[in-house]
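Asker: Take a look at upload_19.cif, mmCIF, C-alpha atoms:
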```
data_start
#
loop_
_atom_site.label_atom_id
_atom_site.label_comp_id
_atom_site.auth_asym_id
_atom_site.auth_seq_id
_atom_site.Cartn_x
_atom_site.Cartn_y
_atom_site.Cartn_z
CA MET A 281 -13.74 42.60 4.40
CA SER A 282 -12.03 42.49 1.04
CA ALA A 283 -8.67 42.85 -0.65
CA ALA A 284 -7.03 42.49 -4.05
CA THR A 285 -4.27 39.97 -4.68
CA GLU A 286 -2.13 39.38 -7.75
CA THR A 287 -1.98 36.05 -9.55
CA ALA A 288 1.18 34.39 -10.84
CA GLU A 289 0.21 35.52 -14.32
CA GLY A 290 0.24 39.13 -13.19
CA ASP A 291 -3.44 39.95 -13.74
CA LYS A 292 -5.59 41.24 -10.91
CA GLN A 293 -8.05 38.91 -9.23
CA ARG A 294 -10.40 40.24 -6.62
CA VAL A 295 -10.57 38.04 -3.54
CA VAL A 296 -13.42 38.98 -1.24
CA VAL A 297 -13.54 37.41 2.21
CA ASP A 298 -16.78 37.71 4.18
CA THR A 299 -19.26 35.75 6.31
CA PRO A 300 -21.42 33.25 4.40
CA GLU A 301 -25.14 33.56 4.93
CA GLY A 302 -28.01 31.07 4.74
CA HIS A 303 -27.55 28.47 2.03
CA GLU A 304 -23.99 29.71 1.43
CA ARG A 305 -22.87 28.03 4.63
CA GLU A 306 -23.74 24.64 3.20
CA ARG A 307 -21.94 25.55 -0.02
CA VAL A 308 -18.80 26.29 1.99
CA VAL A 309 -19.10 22.95 3.79
CA GLU A 310 -19.64 21.11 0.50
CA LEU A 311 -16.47 22.69 -0.89
CA GLY A 312 -14.53 21.61 2.20
CA ARG A 313 -15.80 18.05 1.98
CA ALA A 314 -14.80 17.86 -1.67
CA VAL A 315 -11.25 18.92 -0.84
CA PHE A 316 -10.47 16.53 2.04
CA PRO A 317 -10.13 12.71 1.93
CA ARG A 318 -13.38 10.75 2.21
CA LEU A 319 -12.76 9.66 5.80
CA TYR A 320 -12.56 13.30 6.95
CA ARG A 321 -15.52 14.66 5.00
CA ARG A 322 -18.22 14.11 7.61
CA SER A 323 -16.02 15.92 10.13
CA VAL A 324 -16.28 19.14 8.10
CA GLN A 325 -19.30 20.67 9.81
CA PRO A 326 -20.62 24.26 9.86
CA THR A 327 -20.16 26.39 12.96
CA GLU A 328 -21.33 29.86 13.88
CA HIS A 329 -17.84 31.16 13.09
CA MET A 330 -17.18 30.78 9.37
CA LEU A 331 -15.61 32.83 6.60
CA CYS A 332 -15.66 32.27 2.86
CA ALA A 333 -13.54 33.59 0.01
CA ARG A 334 -15.09 34.63 -3.29
CA MET A 335 -13.64 35.30 -6.71
CA ASP A 336 -15.98 36.83 -9.27
CA GLY A 337 -18.85 36.03 -6.92
CA GLU A 338 -18.02 32.32 -6.70
CA ILE A 339 -17.10 30.73 -3.36
CA VAL A 340 -13.57 29.36 -3.77
CA GLY A 341 -12.44 28.86 -0.17
CA GLY A 342 -13.54 28.56 3.41
CA LEU A 343 -12.34 28.91 6.98
CA ILE A 344 -14.23 27.14 9.77
CA MET A 345 -13.48 28.28 13.33
CA VAL A 346 -14.61 27.47 16.86
CA ILE A 347 -14.58 29.56 20.03
CA PRO A 348 -15.12 26.95 22.75
CA SER A 349 -15.04 29.15 25.84
CA GLU A 350 -16.77 32.30 27.07
CA ASP A 351 -13.86 33.15 29.37
CA PRO A 352 -12.37 36.67 29.07
CA GLU A 353 -9.13 35.10 27.82
CA ARG A 354 -10.46 32.65 25.31
CA THR A 355 -8.84 30.52 22.62
CA GLY A 356 -9.96 30.57 19.01
CA ILE A 357 -9.56 27.35 17.03
CA ILE A 358 -9.13 27.08 13.28
CA SER A 359 -10.69 23.72 12.50
CA TRP A 360 -10.61 23.72 8.71
CA LEU A 361 -8.97 25.79 5.98
CA PHE A 362 -9.55 24.91 2.34
CA THR A 363 -9.57 26.37 -1.16
CA ALA A 364 -10.90 25.15 -4.48
CA GLU A 365 -8.30 23.68 -6.79
CA THR A 366 -8.99 26.39 -9.36
CA ALA A 367 -8.04 29.07 -6.83
CA ARG A 368 -4.74 27.58 -5.63
CA GLY A 369 -1.70 29.85 -5.73
CA ARG A 370 -3.73 33.07 -5.74
CA GLY A 371 -3.38 34.07 -2.12
CA VAL A 372 -6.85 32.82 -1.12
CA GLY A 373 -5.57 30.78 1.83
CA SER A 374 -3.53 33.63 3.29
CA ARG A 375 -6.50 35.99 2.86
CA LEU A 376 -8.72 33.62 4.78
CA VAL A 377 -6.21 33.12 7.59
CA GLY A 378 -5.49 36.84 7.82
CA GLU A 379 -9.17 37.75 8.03
CA GLY A 380 -9.74 34.85 10.43
CA VAL A 381 -7.12 36.28 12.79
CA SER A 382 -8.94 39.65 12.73
CA TYR A 383 -12.30 37.92 13.20
CA LEU A 384 -11.19 36.00 16.28
CA ARG A 385 -9.39 39.01 17.77
CA GLU A 386 -12.55 41.11 17.45
CA ARG A 387 -14.43 38.44 19.42
CA GLY A 388 -12.06 38.59 22.36
CA CYS A 389 -9.75 35.67 21.61
CA THR A 390 -6.24 36.06 23.02
CA GLN A 391 -4.70 33.22 21.01
CA ILE A 392 -5.46 30.98 18.02
CA VAL A 393 -4.61 27.28 17.78
CA THR A 394 -4.75 24.86 14.87
CA ASP A 395 -3.05 21.60 13.88
CA ILE A 396 -1.21 20.71 10.68
CA GLU A 397 0.17 17.44 9.33
CA GLY A 398 3.93 17.23 9.74
CA HIS A 399 4.54 16.74 6.02
CA ASN A 400 2.03 19.40 4.90
CA THR A 401 4.65 22.07 4.32
CA SER A 402 2.39 24.20 2.11
CA SER A 403 0.01 24.80 5.03
CA SER A 404 2.89 25.11 7.50
CA ASN A 405 4.53 27.77 5.36
CA LEU A 406 1.26 29.68 5.04
CA PHE A 407 0.55 29.73 8.78
CA ALA A 408 4.19 30.54 9.58
CA ALA A 409 4.00 33.54 7.25
CA MET A 410 0.87 34.67 9.12
CA GLY A 411 2.63 34.70 12.49
CA PHE A 412 1.88 31.19 13.78
CA GLU A 413 4.54 29.03 15.44
CA ARG A 414 4.63 25.33 16.14
CA THR A 415 3.87 24.55 19.78
CA THR A 416 3.27 21.54 22.04
CA THR A 417 0.57 20.40 24.40
CA THR A 418 2.86 21.12 27.36
CA GLN A 419 3.42 24.69 26.20
CA LEU A 420 -0.31 25.18 25.68
CA VAL A 421 -1.07 23.93 29.19
CA ARG A 422 1.30 26.59 30.53
CA THR A 423 -0.41 29.38 28.59
CA SER A 424 -4.02 28.18 28.61
CA GLY A 425 -4.59 25.65 31.37
CA VAL A 426 -5.65 22.03 31.26
CA ARG A 427 -9.34 22.68 30.52
CA ASP A 428 -8.65 24.75 27.40
CA VAL A 429 -6.17 22.18 26.13
CA LEU A 430 -8.70 19.37 26.60
CA ASP A 431 -11.20 21.45 24.58
CA ILE A 432 -8.59 21.97 21.87
CA TRP A 433 -7.76 18.25 21.71
CA TRP A 434 -11.46 17.35 21.49
CA LEU A 435 -12.55 19.98 18.97
CA LEU A 436 -9.57 19.34 16.67
CA SER A 437 -9.86 15.54 17.11
CA TYR A 438 -6.18 15.85 17.94
CA TYR A 439 -6.11 12.59 19.89
CA VAL A 440 -6.53 10.66 16.61
CA ASP A 441 -4.66 13.08 14.33
CA PHE A 442 -1.53 10.94 14.17
CA GLY A 443 1.39 12.92 12.80
CA HIS A 444 -0.26 16.32 13.22
CA PHE A 445 1.35 19.12 15.23
CA LEU A 446 -0.16 22.05 17.07
CA TRP A 447 0.40 25.62 15.92
CA ARG A 448 -0.34 28.76 17.90
CA ARG A 449 -0.52 32.48 17.36
CA PRO A 450 -0.94 34.86 20.34
CA LEU A 451 -3.23 37.81 19.61
CA ASP A 452 -1.42 40.39 21.72
CA ASP A 453 1.02 40.98 18.84
CA GLY A 454 -0.51 44.06 17.25
CA ALA A 455 -2.97 44.47 14.43
CA CYS A 456 -3.39 41.74 11.86
CA GLN A 457 -1.89 42.29 8.44
CA PRO A 458 -4.24 40.35 6.15
CA GLU A 459 -2.57 41.33 2.89
CA HIS A 460 -0.71 38.47 1.26
CA LYS A 461 3.01 38.76 1.98
CA GLN A 462 5.56 38.23 -0.73
CA ASP A 463 8.46 35.91 0.14
CA SER A 464 10.78 38.84 0.78
CA GLU A 465 8.28 40.30 3.27
CA LYS A 466 7.73 37.19 5.36
CA PRO A 467 8.51 37.65 9.04
CA THR A 468 11.77 36.33 10.38
CA LEU A 469 10.89 32.98 11.95
CA ARG A 470 12.18 31.66 15.21
CA GLN A 471 15.32 29.63 14.61
CA ASP A 472 15.99 26.34 16.36
CA THR A 473 19.15 26.03 18.38
CA GLY A 474 21.33 23.09 19.25
CA ASN A 475 23.22 20.59 17.14
CA ARG A 476 22.51 20.42 13.41
CA LEU A 477 20.66 17.11 13.30
CA PHE A 478 18.54 17.40 16.43
CA PRO A 479 18.05 21.11 17.19
CA ASP A 480 15.57 21.14 20.08
CA GLY A 481 14.54 17.63 19.04
CA LEU A 482 16.57 15.30 21.26
CA ARG A 483 14.10 15.72 24.13
CA ALA A 484 11.18 14.97 21.79
CA LEU A 485 12.99 11.85 20.57
CA SER A 486 13.59 10.66 24.13
CA VAL A 487 10.01 11.30 25.23
CA SER A 488 8.63 9.56 22.14
CA TRP A 489 10.76 6.49 22.70
CA VAL A 490 9.94 6.26 26.41
CA LEU A 491 6.21 6.55 25.75
CA ASN A 492 6.33 3.96 22.98
CA LEU A 493 8.27 1.58 25.22
CA PHE A 494 5.58 2.07 27.86
CA VAL A 495 2.88 1.27 25.30
CA LEU A 496 4.87 -1.76 24.09
CA LEU A 497 5.14 -3.18 27.60
CA LEU A 498 1.49 -2.35 28.28
CA ALA A 499 0.45 -4.25 25.13
CA PHE A 500 2.56 -7.25 26.17
CA VAL A 501 0.93 -7.27 29.60
CA GLY A 502 -2.46 -6.91 27.89
CA ILE A 503 -1.99 -9.90 25.59
CA ALA A 504 -0.59 -11.95 28.46
CA GLY A 505 -3.73 -11.18 30.43
CA LEU A 506 -5.97 -12.18 27.52
CA PHE A 507 -4.22 -15.55 27.17
CA GLU A 508 -3.52 -15.97 30.89
CA TRP A 509 0.25 -15.97 30.51
CA THR A 510 2.66 -15.31 33.31
CA VAL A 511 4.78 -12.27 32.52
CA THR A 512 8.35 -12.45 33.82
CA VAL A 513 10.76 -9.65 34.55
CA THR A 514 13.21 -11.21 32.08
CA GLU A 515 10.64 -10.97 29.28
CA LEU A 516 9.95 -7.32 30.06
CA VAL A 517 13.67 -6.50 30.10
CA LEU A 518 14.33 -8.30 26.80
CA LEU A 519 11.25 -6.66 25.29
CA THR A 520 12.53 -3.24 26.34
CA VAL A 521 15.96 -3.89 24.81
CA LEU A 522 14.38 -5.22 21.62
CA GLY A 523 12.03 -2.24 21.44
CA CYS A 524 14.96 0.18 21.71
CA ALA A 525 16.82 -1.72 18.98
CA VAL A 526 13.83 -1.56 16.63
CA PHE A 527 13.41 2.19 17.29
CA VAL A 528 17.08 2.71 16.41
CA VAL A 529 16.69 0.71 13.19
CA ARG A 530 13.65 2.81 12.27
CA GLU A 531 15.31 6.19 12.88
CA ALA A 532 18.94 5.55 11.91
CA PRO A 533 18.67 5.44 8.07
CA LEU A 534 16.81 8.75 7.78
CA GLY A 535 19.09 10.18 10.49
CA VAL A 536 22.18 9.38 8.43
CA LEU A 537 20.62 10.86 5.29
CA ALA A 538 19.48 13.96 7.20
CA ALA A 539 22.94 14.45 8.70
CA ALA A 540 24.36 14.65 5.19
CA ASP A 541 21.70 17.09 4.05
CA THR A 542 22.45 20.80 3.82
CA GLU A 543 19.35 21.65 5.86
CA ARG A 544 18.99 21.20 9.60
CA TRP A 545 16.58 18.51 10.84
CA THR A 546 14.80 17.90 14.12
CA TYR A 547 12.70 15.14 15.65
CA ARG A 548 8.99 15.59 16.34
CA GLY A 549 7.12 12.94 18.26
CA CYS A 550 3.44 12.03 17.82
CA THR A 551 2.70 11.83 21.53
CA ASN A 552 -0.93 12.88 21.02
CA GLY A 553 -1.72 9.34 19.88
CA ILE A 554 -0.51 7.69 23.08
CA PRO A 555 -4.00 7.54 24.71
CA VAL A 556 -5.37 5.58 21.74
CA SER A 557 -2.29 3.38 21.54
CA ALA A 558 -2.32 2.65 25.28
CA THR A 559 -6.02 1.74 25.16
CA ILE A 560 -5.46 -0.65 22.24
CA GLY A 561 -2.54 -2.24 24.06
CA LEU A 562 -4.33 -2.73 27.35
CA LEU A 563 -7.67 -3.95 25.99
CA ALA A 564 -6.60 -5.81 22.84
CA GLY A 565 -3.03 -6.80 23.69
CA ALA A 566 -1.79 -5.30 20.41
CA PHE A 567 1.18 -2.97 20.04
CA PHE A 568 0.15 0.10 18.02
CA PRO A 569 3.22 2.34 17.87
CA MET A 570 2.75 6.12 17.96
CA LEU A 571 5.86 7.14 16.09
CA GLY A 572 7.25 10.54 15.24
CA SER A 573 9.87 11.33 12.65
CA LEU A 574 12.72 13.57 11.66
CA TYR A 575 11.62 16.72 9.84
CA PRO A 576 13.49 19.73 8.47
CA ALA A 577 13.84 22.20 11.34
CA SER A 578 12.92 25.23 9.23
CA GLU A 579 9.30 26.35 9.20
CA THR A 580 9.62 27.12 5.49
CA SER A 581 10.87 23.80 4.12
CA SER A 582 9.43 21.98 1.10
CA TYR A 583 8.11 18.44 1.44
CA ARG A 584 8.55 17.75 -2.26
CA GLU A 585 12.24 18.62 -2.08
CA LYS A 586 12.75 16.08 0.73
CA GLN A 587 10.59 13.24 -0.60
CA GLN A 588 13.55 11.18 -1.73
CA LEU A 589 15.23 11.40 1.68
CA PHE A 590 12.01 10.46 3.49
CA GLY A 591 11.22 7.63 1.09
CA PHE A 592 14.69 6.12 0.80
CA GLY A 593 15.23 6.25 4.58
CA ALA A 594 11.92 4.45 5.15
CA VAL A 595 12.73 1.78 2.57
CA ILE A 596 16.05 1.00 4.28
CA SER A 597 14.55 0.73 7.77
CA THR A 598 11.63 -1.41 6.57
CA SER A 599 14.01 -3.71 4.66
CA VAL A 600 16.23 -4.22 7.73
CA LEU A 601 13.20 -5.09 9.87
CA LEU A 602 11.93 -7.50 7.19
CA ILE A 603 15.27 -9.30 7.02
CA THR A 604 15.44 -9.49 10.81
CA LEU A 605 11.93 -10.89 11.17
CA LEU A 606 12.35 -13.42 8.39
CA GLY A 607 15.79 -14.47 9.58
CA VAL A 608 14.65 -15.11 13.14
CA SER A 609 11.50 -16.94 11.98
CA LEU A 610 13.40 -19.21 9.56
CA SER A 611 16.12 -20.03 12.08
CA GLY A 612 14.64 -23.47 12.57
CA ASP A 613 14.62 -24.12 16.28
CA SER A 614 13.16 -21.29 18.29
CA ILE A 615 15.90 -19.07 19.67
CA ILE A 616 15.85 -19.26 23.46
CA LEU A 617 17.66 -16.63 25.52
CA VAL A 618 17.63 -16.99 29.33
CA GLY A 619 14.49 -19.08 29.02
CA VAL A 620 12.58 -16.69 26.75
CA SER A 621 11.56 -17.22 23.11
CA VAL A 622 13.27 -14.43 21.19
CA GLU A 623 11.29 -15.39 18.08
CA SER A 624 8.00 -14.53 19.80
CA LEU A 625 9.30 -11.24 21.15
CA VAL A 626 10.72 -10.20 17.74
CA ALA A 627 7.38 -10.93 16.07
CA PHE A 628 5.48 -9.06 18.78
CA VAL A 629 7.55 -5.89 18.21
CA VAL A 630 8.48 -5.99 14.53
CA VAL A 631 5.18 -7.08 12.96
CA PRO A 632 3.27 -3.99 14.21
CA PHE A 633 6.08 -1.75 12.95
CA LEU A 634 5.87 -3.28 9.47
CA ILE A 635 2.07 -3.03 9.33
CA VAL A 636 1.69 0.46 10.79
CA ASP A 637 4.84 1.99 9.36
CA HIS A 638 4.58 0.70 5.79
CA LEU A 639 1.27 -0.92 4.88
CA LEU A 640 -0.90 1.79 6.46
CA ALA A 641 0.02 4.50 3.97
CA PHE A 642 -3.40 6.07 3.54
CA THR A 643 -5.89 8.17 5.52
CA PRO A 644 -5.86 8.38 8.52
CA PHE A 645 -2.32 6.96 8.61
CA GLN A 646 -0.86 9.24 5.94
CA CYS A 647 1.71 10.64 8.38
CA TYR A 648 3.50 7.33 8.84
CA ARG A 649 6.58 6.30 6.87
CA GLY A 650 4.67 4.18 4.34
CA ARG A 651 3.13 7.30 2.85
CA ARG A 652 6.58 8.85 2.49
CA VAL A 653 7.60 5.88 0.32
CA TYR A 654 4.31 6.02 -1.59
CA ASP A 655 4.73 9.72 -2.37
CA TRP A 656 8.34 9.22 -3.42
CA ASN A 657 7.86 6.14 -5.63
CA ARG A 658 4.57 4.23 -5.79
CA ALA A 659 6.13 1.25 -7.53
CA VAL A 660 8.71 0.88 -4.75
CA TRP A 661 5.99 1.15 -2.13
CA GLY A 662 3.88 -1.49 -3.92
CA VAL A 663 6.74 -3.98 -4.28
CA LEU A 664 7.82 -3.52 -0.67
CA ALA A 665 4.22 -3.81 0.53
CA LEU A 666 3.91 -7.12 -1.32
CA VAL A 667 7.15 -8.33 0.27
CA VAL A 668 5.85 -7.30 3.70
CA LEU A 669 2.60 -9.21 3.16
CA VAL A 670 4.41 -12.34 1.94
CA THR A 671 6.84 -12.17 4.86
CA LEU A 672 4.00 -11.81 7.36
CA GLY A 673 2.28 -14.79 5.71
CA VAL A 674 5.44 -16.87 6.00
CA VAL A 675 6.00 -15.86 9.62
CA LEU A 676 2.41 -16.59 10.62
CA GLY A 677 2.55 -19.89 8.76
CA ILE A 678 5.67 -20.93 10.63
CA ARG A 679 4.17 -19.91 13.95
#
```
The structure given in the file should be rewritten as structure tokens.
Answerer:
Amino acid sequence: MSAATETAEGDKQRVVVDTPEGHERERVVELGRAVFPRLYRRSVQPTEHMLCARMDGEIVGGLIMVIPSEDPERTGIISWLFTAETARGRGVGSRLVGEGVSYLRERGCTQIVTDIEGHNTSSSNLFAAMGFERTTTTQLVRTSGVRDVLDIWWLLSYYVDFGHFLWRRPLDDGACQPEHKQDSEKPTLRQDTGNRLFPDGLRALSVSWVLNLFVLLLAFVGIAGLFEWTVTVTELVLLTVLGCAVFVVREAPLGVLAAADTERWTYRGCTNGIPVSATIGLLAGAFFPMLGSLYPASETSSYREKQQLFGFGAVISTSVLLITLLGVSLSGDSIILVGVSVESLVAFVVVPFLIVDHLLAFTPFQCYRGRRVYDWNRAVWGVLALVVLVTLGVVLGIR
């Protein structure tokens, strides 16, 4: 399998995509490990379904796939797609995906599934141009069944891929067109419907909030069990109200900024992390929120163009939570409402938000809001991180 693509400079570069053999398989894996963050490198493993891209005989990209089932209607999984930095912008990624689609179709797959970070718009745009659409676990269960979806979650490590979203391409859509498409030739993508700020996203927002409230209450019950506290209905009610208020504070700033933007936005929840979050809550009594975010609704948006909106919205919400936590903690006497310490409840909810949503800005938490601030302005992220740490020190010292 081979094809010629044209570089930005206009000269011809021959991109050959084929199956690596022998020692070449390890070379492909080494290239993949060099591209991804250190924590992910050991997860890049060879499989029996691999393709590599060559330019002038040198391996400059790889595609690692899995076919988990021998069923007549099987699902192909794209586990890893990567290109060398020297080959970026030359159509290598689209060549690999295009040939990968043909490869999996020839082996009887009826659909292909992969997952992509929500902010990784370069990969999203590539897969969208190759006929993939964003999907959900519920939609996959309808088309593939529970067993296939469990295989997909396991093989993609989707249960710990916080902030990643599933993408799917059915393979009953005609022959693959592996040639790199120019922008004017990209297929017309499915358009979201609904209001401008939350097209098809209000349900995702509601589900995300309900699941996080469940995890919050589960964590509170877990810590009460560890310390042999008696949990009252009043505490659970106040905790629910407080949790809703904190969720609103987190989402509102970016929501206001997105509403003023010329592009439509939608909410995408990270519900795939709920099993991990629920386990942490029940066994350790710690609230580990699995939070989604607003994203541009278009499949062809640019993360770089929206960095300021993401970053500024996150700074506002983090600042409001900091002020709230510090204000309640410095109030002197503990605030008691219907017999419950509001100070303790505020700390229980807000502290995890500040840690997870701002301090954890790096792999594997790069999809949380802290990374959006870091990408937008590292100095702002650093100053705010220091303020968060000092505030947490003050709060813990008071308590």
Asker: At most 10 Å from (10.7, -9.5, 18.1), file frame, all atoms listed in the file: which residues, as a list in words?
Answerer: Leu518, Leu519, Leu522, Gly523, Ala525, Val526, Leu601, Thr604, Leu605, Val608, Ser609, Ser621, Val622, Glu623, Ser624, Leu625, Val626, Ala627, Phe628, Val629, Val630 and Val631 of chain A
Asker: Determine, counting only C-alpha atoms, which protein, DNA and RNA residues have an atom within 9 Å of an atom of Leu496 in chain A; residues of the same chain fewer than 5 positions away are not included. Present the result as a list in words.
Answerer: Leu491, Val501, Leu519, Thr520, Gly523, Ala558, Gly561, Ala566, Phe567, Phe568, Pro569 and Val629 of chain A
Asker: Residues at most 10 Å from Ile635 in chain A, counting all atoms listed in the file, excluding those fewer than 5 positions away in the same chain, as number ranges by chain?
Answerer: A: 568, 630, 640-641, 650, 665, 668-669, 672
Asker: May I ask for the distance between CA of Gly373 in chain A and CA of Gly342 in chain A, given in Å to one decimal place?
Answerer: 8.4 Å
Asker: Would you mind reading off the distance between CA of Ser581 in chain A and CA of Phe527 in chain A, one decimal, in Å?
Answerer: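 For CA of Ser581 in chain A relative to CA of Phe527 in chain A, the distance reads 25.4 Å.
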Asker: Please compute the CA of Leu610 in chain A-CA of Thr598 in chain A distance, one decimal, in Å.
Answerer: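 Going from CA of Leu610 in chain A over to CA of Thr598 in chain A covers 18.1 Å.
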Asker: Rank A:His444, A:Arg307, A:Arg449, A:Arg354 by their smallest atom-to-atom distance to Gly549 in chain A, using only C-alpha atoms, and report the top residue only.
Answerer: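 Result for the nearest residue to Gly549 in chain A: A:His444.
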Asker: Residues at most 10 Å from Ile596 in chain A, counting only C-alpha atoms, excluding those fewer than 2 positions away in the same chain, as a compact mmCIF listing (two decimals) with C-alpha atoms, in the frame of the given file?
Answerer:
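See result_35.txt below for the written result:
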```txt
# COMPACT_ATOMS: atom_id res chain seq x y z
CA VAL A 529 16.69 0.71 13.19
CA ARG A 530 13.65 2.81 12.27
CA ALA A 532 18.94 5.55 11.91
CA PRO A 533 18.67 5.44 8.07
CA LEU A 534 16.81 8.75 7.78
CA GLY A 591 11.22 7.63 1.09
CA PHE A 592 14.69 6.12 0.80
CA GLY A 593 15.23 6.25 4.58
CA ALA A 594 11.92 4.45 5.15
CA THR A 598 11.63 -1.41 6.57
CA SER A 599 14.01 -3.71 4.66
CA VAL A 600 16.23 -4.22 7.73
CA LEU A 601 13.20 -5.09 9.87
CA LEU A 602 11.93 -7.50 7.19
```
Asker: Could you give me, as a PyMOL selection string, the residues within 10 Å of Ser403 in chain A, counting only C-alpha atoms and dropping anything in the same chain fewer than 4 positions from it?
Answerer: chain A and resi 361-362+373-374+395-399+407-409+580
Asker: Kindly save the residues from that selection, with C-alpha atoms included, as a PDB file, keeping the file's coordinate frame.
Answerer:
```
ATOM      1  CA  LEU A 361      -8.970  25.790   5.980  1.00  0.00           C
ATOM      2  CA  PHE A 362      -9.550  24.910   2.340  1.00  0.00           C
ATOM      3  CA  GLY A 373      -5.570  30.780   1.830  1.00  0.00           C
ATOM      4  CA  SER A 374      -3.530  33.630   3.290  1.00  0.00           C
ATOM      5  CA  ASP A 395      -3.050  21.600  13.880  1.00  0.00           C
ATOM      6  CA  ILE A 396      -1.210  20.710  10.680  1.00  0.00           C
ATOM      7  CA  GLU A 397       0.170  17.440   9.330  1.00  0.00           C
ATOM      8  CA  GLY A 398       3.930  17.230   9.740  1.00  0.00           C
ATOM      9  CA  HIS A 399       4.540  16.740   6.020  1.00  0.00           C
ATOM     10  CA  PHE A 407       0.550  29.730   8.780  1.00  0.00           C
ATOM     11  CA  ALA A 408       4.190  30.540   9.580  1.00  0.00           C
ATOM     12  CA  ALA A 409       4.000  33.540   7.250  1.00  0.00           C
ATOM     13  CA  THR A 580       9.620  27.120   5.490  1.00  0.00           C
TER      14      THR A 580
END
```
Asker: Apply the PyMOL selection byres ((chain A and resi 552-557) around 6) to the structure shown and report the selected residues as a list in words.
Answerer: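 Applying the PyMOL selection byres ((chain A and resi 552-557) around 6) to the structure shown produces Tyr439, Val440, Phe442, Cys550, Thr551, Ala558, Thr559, Ile560, Phe568 and Met570 of chain A.
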Asker: Could you write out as a list of chain:residue names the residues that the PyMOL selection byres ((chain A and resi 347) around 10) matches in the shown file?
Answerer: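 With the shown file as input, the PyMOL selection byres ((chain A and resi 347) around 10) matches A:Thr327, A:Glu328, A:His329, A:Met345, A:Val346, A:Pro348, A:Ser349, A:Glu350, A:Arg354, A:Thr355, A:Gly356, A:Ile357, A:Ile358, A:Leu384, A:Arg387, A:Gly388, A:Cys389, A:Ile392, A:Asp431, A:Ile432, A:Leu435.
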Asker: Those selected residues, please, written with C-alpha atoms and delivered as a PDB file, keeping the file's coordinate frame.
Answerer:
```pdb
ATOM      1  CA  THR A 327     -20.160  26.390  12.960  1.00  0.00           C
ATOM      2  CA  GLU A 328     -21.330  29.860  13.880  1.00  0.00           C
ATOM      3  CA  HIS A 329     -17.840  31.160  13.090  1.00  0.00           C
ATOM      4  CA  MET A 345     -13.480  28.280  13.330  1.00  0.00           C
ATOM      5  CA  VAL A 346     -14.610  27.470  16.860  1.00  0.00           C
ATOM      6  CA  PRO A 348     -15.120  26.950  22.750  1.00  0.00           C
ATOM      7  CA  SER A 349     -15.040  29.150  25.840  1.00  0.00           C
ATOM      8  CA  GLU A 350     -16.770  32.300  27.070  1.00  0.00           C
ATOM      9  CA  ARG A 354     -10.460  32.650  25.310  1.00  0.00           C
ATOM     10  CA  THR A 355      -8.840  30.520  22.620  1.00  0.00           C
ATOM     11  CA  GLY A 356      -9.960  30.570  19.010  1.00  0.00           C
ATOM     12  CA  ILE A 357      -9.560  27.350  17.030  1.00  0.00           C
ATOM     13  CA  ILE A 358      -9.130  27.080  13.280  1.00  0.00           C
ATOM     14  CA  LEU A 384     -11.190  36.000  16.280  1.00  0.00           C
ATOM     15  CA  ARG A 387     -14.430  38.440  19.420  1.00  0.00           C
ATOM     16  CA  GLY A 388     -12.060  38.590  22.360  1.00  0.00           C
ATOM     17  CA  CYS A 389      -9.750  35.670  21.610  1.00  0.00           C
ATOM     18  CA  ILE A 392      -5.460  30.980  18.020  1.00  0.00           C
ATOM     19  CA  ASP A 431     -11.200  21.450  24.580  1.00  0.00           C
ATOM     20  CA  ILE A 432      -8.590  21.970  21.870  1.00  0.00           C
ATOM     21  CA  LEU A 435     -12.550  19.980  18.970  1.00  0.00           C
TER      22      LEU A 435
END
```
Asker: I'd like the contact shell of Met330 in chain A - 9 Å cut-off, all atoms listed in the file, skipping same-chain residues fewer than 4 positions apart - returned as a list of chain:residue names.
Answerer: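 Answer for this query is A:Asp298, A:Thr299, A:Pro300, A:Arg305, A:Val308, A:Pro326, A:Gly342, A:Leu343, A:Ile344, A:Met345, A:Val346, A:Gly380.
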Asker: Can I get the selection written as a PDB file, in the coordinates of the input, with C-alpha atoms?
Answerer:
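So the final result, stored in result-v6.pdb, reads:
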```
ATOM      1  CA  ASP A 298     -16.780  37.710   4.180  1.00  0.00           C
ATOM      2  CA  THR A 299     -19.260  35.750   6.310  1.00  0.00           C
ATOM      3  CA  PRO A 300     -21.420  33.250   4.400  1.00  0.00           C
ATOM      4  CA  ARG A 305     -22.870  28.030   4.630  1.00  0.00           C
ATOM      5  CA  VAL A 308     -18.800  26.290   1.990  1.00  0.00           C
ATOM      6  CA  PRO A 326     -20.620  24.260   9.860  1.00  0.00           C
ATOM      7  CA  GLY A 342     -13.540  28.560   3.410  1.00  0.00           C
ATOM      8  CA  LEU A 343     -12.340  28.910   6.980  1.00  0.00           C
ATOM      9  CA  ILE A 344     -14.230  27.140   9.770  1.00  0.00           C
ATOM     10  CA  MET A 345     -13.480  28.280  13.330  1.00  0.00           C
ATOM     11  CA  VAL A 346     -14.610  27.470  16.860  1.00  0.00           C
ATOM     12  CA  GLY A 380      -9.740  34.850  10.430  1.00  0.00           C
TER      13      GLY A 380
END
```
